[in-house]
Amino acid sequence: MKFALLAILFSLTALLYASVGFGGGSTYTALLIINGTDYRLVPIIALSCNILVVTGNAVRYGREGFISWRRIWPLVSLSAPAAWIGGRIEISQHIFIGLLALALFIAGIRLLIHQKPINAEIEPSKTSIWLNAIIGGAIGFYAGLVGIGGGIFLAPILHAMRWGTSQYIAATCSLFILLNSISGIGGQFTKLNNLSLTSDALAFWPLLLAVFIGGFIGNHLGVFKLSEFWLKRITAILIIAVAIRLTLKLLGLSL
């Protein structure tokens with residue numbers, strides 16, 4: 001895959017994910033693997049792009065008053081440290097691709113399933129601080145290991161727990177992704193320094209510009225609420241297709 005095409009795909013991914021309140025880390029990671037990028041460099045590149053895109057989401061939701069630190073802190077109290085630990089762990093390419101393909105399949109199915117909005121007049125359910133911390137920690141560790149933010153796993157759990165309205169859940173996931181990505185990238189940097197690979201990751205800086213542009217456009221689409229129903233389904237189809245490609249790669253097949 002030519003680098004220019006990769007940059008275009010990254011920009012499109014950022015646009016679609018930002019439109020529905022996510023960062024796109026799982027798809028960036030998959031595209032890099034399909035491109036043949038050294039899998040040890042993939043998480044730090046994907047997380048850097050994730051941070052750029054999801055920062056815009058978090059700022060937008062914060063301005064609209066949808067971020068509640070009082071409710072979010074238990075989720076991130078263990079998730080951020082766990083993401084750092086996961087980012088430091090070295091795993092084989094086979095395991096890495098397998099975990100990533102699983103994450104993409106779950107993400108695609110989650111976006112395809114229609115979730116009934118929670119009535120804003122109904123009081124959100126109250127959950128245990130310790131339960132929230134454990135959930136956050138488990139997702140954070142997986143996210144750090146693979147190089148994603150983890151919001152795609154958190155969102156359906158929060159819907160099932162009746163955490164709040166769709167806007168509050170999207171805002172919570174945006175902040176969750178941002179903090180996990182920052183923490184996870186710290187662990188990845190430590191690992192790359194040990195492997196003397198940090199300088200190799202710098203060659204991918206144009207991808208940051210690509211996702212910045214795509215994320216900016218996507219955030220505006222989100223602000224104007226442009227057909228979220230179809231945006232989610234288009235995104236789901238794309239990432240499931242990528243998951244299939246990765247699974248075939250894992251099995252030594254081609255498509």
# chains A, B, ... in the order shown; residues from 1 in each chain; ligands from 1
$ select_by_dssp --residues "segment 79-247 of chain A" --states "helix (DSSP H, G or I)" --output "PyMOL selection string"
chain A and resi 79-88+93-112+129-146+151-160+166-195+198-204+206-223+228-247
$ closest_residue --among "A:Asn50, A:Ser11, A:Thr55, A:Ser174" --to "Thr29 of chain A" --atoms "only C-alpha atoms"
A:Asn50
$ residues_around --residues "Ile44 of chain A" --least-positions-apart "6" --cutoff "8 Å" --atoms "only C-alpha atoms" --output "ChimeraX atom specification"
/A:147,185,188-189,201
$ write_last_selection --atoms "N, CA and C atoms" --output "compact mmCIF listing (two decimals), in the first residue's frame"
# COMPACT_ATOMS: atom_id res chain seq x y z
N GLY A 147 -2.89 -1.27 21.57
CA GLY A 147 -2.65 0.06 21.03
C GLY A 147 -3.90 0.77 20.57
N ILE A 185 0.48 5.15 25.39
CA ILE A 185 1.61 5.57 24.56
C ILE A 185 2.87 5.74 25.41
N GLN A 188 4.24 2.30 25.62
CA GLN A 188 4.80 1.91 24.32
C GLN A 188 6.14 2.59 24.07
N PHE A 189 6.27 3.87 24.45
CA PHE A 189 7.54 4.58 24.28
C PHE A 189 8.64 3.89 25.08
N ALA A 201 9.56 5.25 14.30
CA ALA A 201 8.15 5.66 14.34
C ALA A 201 7.97 7.09 13.85
$ closest_residue --among "A:Leu16, A:Leu99, A:Leu178, A:Ile67" --to "Leu250 of chain A" --atoms "only C-alpha atoms"
A:Leu99
$ residues_around --residues "Ile85 of chain A" --least-positions-apart "5" --cutoff "10 Å" --atoms "only C-alpha atoms" --output "MDAnalysis selection string"
chainID A and resid 79:80 140:142 144:145 183:184 186:188
$ residues_around --residues "Leu208 of chain A" --least-positions-apart "4" --cutoff "9 Å" --atoms "only C-alpha atoms" --output "VMD selection string"
chain A and resid 7 10 to 11 45 48 to 49 52 204 212 to 213
$ closest_residue --among "A:Ala155, A:Leu202, A:Ala170, A:Leu251" --to "Val20 of chain A" --atoms "only C-alpha atoms"
A:Ala170
$ atom_distance --atom1 "atom CA of Gln167 of chain A" --atom2 "atom CA of Gly62 of chain A"
10.9 Å
$ closest_residue --among "A:Leu192, A:Leu78, A:Ile91, A:Leu112" --to "Ile139 of chain A" --atoms "only C-alpha atoms"
A:Leu78
$ residues_around --residues "Ala101 of chain A" --least-positions-apart "6" --cutoff "8 Å" --atoms "only C-alpha atoms" --output "PyMOL selection string"
chain A and resi 30+243-244+246-247
$ write_last_selection --atoms "N, CA and C atoms" --output "PDB file, in the first residue's frame"
ATOM      1  N   ALA A  30      -5.079  -1.654  12.414  1.00  0.00           N
ATOM      2  CA  ALA A  30      -5.310  -2.672  11.390  1.00  0.00           C
ATOM      3  C   ALA A  30      -4.745  -2.249  10.040  1.00  0.00           C
ATOM      4  N   ALA A 243     -11.235  -6.382   9.662  1.00  0.00           N
ATOM      5  CA  ALA A 243     -11.078  -7.502  10.593  1.00  0.00           C
ATOM      6  C   ALA A 243     -10.976  -8.829   9.844  1.00  0.00           C
ATOM      7  N   ILE A 244     -11.768  -8.967   8.785  1.00  0.00           N
ATOM      8  CA  ILE A 244     -11.707 -10.180   7.968  1.00  0.00           C
ATOM      9  C   ILE A 244     -10.345 -10.300   7.300  1.00  0.00           C
ATOM     10  N   LEU A 246      -7.534  -9.106   8.373  1.00  0.00           N
ATOM     11  CA  LEU A 246      -6.554  -9.458   9.404  1.00  0.00           C
ATOM     12  C   LEU A 246      -6.655 -10.933   9.779  1.00  0.00           C
ATOM     13  N   THR A 247      -7.880 -11.438   9.879  1.00  0.00           N
ATOM     14  CA  THR A 247      -8.071 -12.851  10.221  1.00  0.00           C
ATOM     15  C   THR A 247      -7.475 -13.750   9.150  1.00  0.00           C
TER      16      THR A 247
END
$ closest_residue --among "A:Ala160, A:Ile152, A:Val54, A:Leu175" --to "Gly108 of chain A" --atoms "only C-alpha atoms"
A:Ile152
$ closest_residue --among "A:Leu154, A:Ala103, A:Leu75, A:Ile89" --to "Thr190 of chain A" --atoms "only C-alpha atoms"
A:Ile89
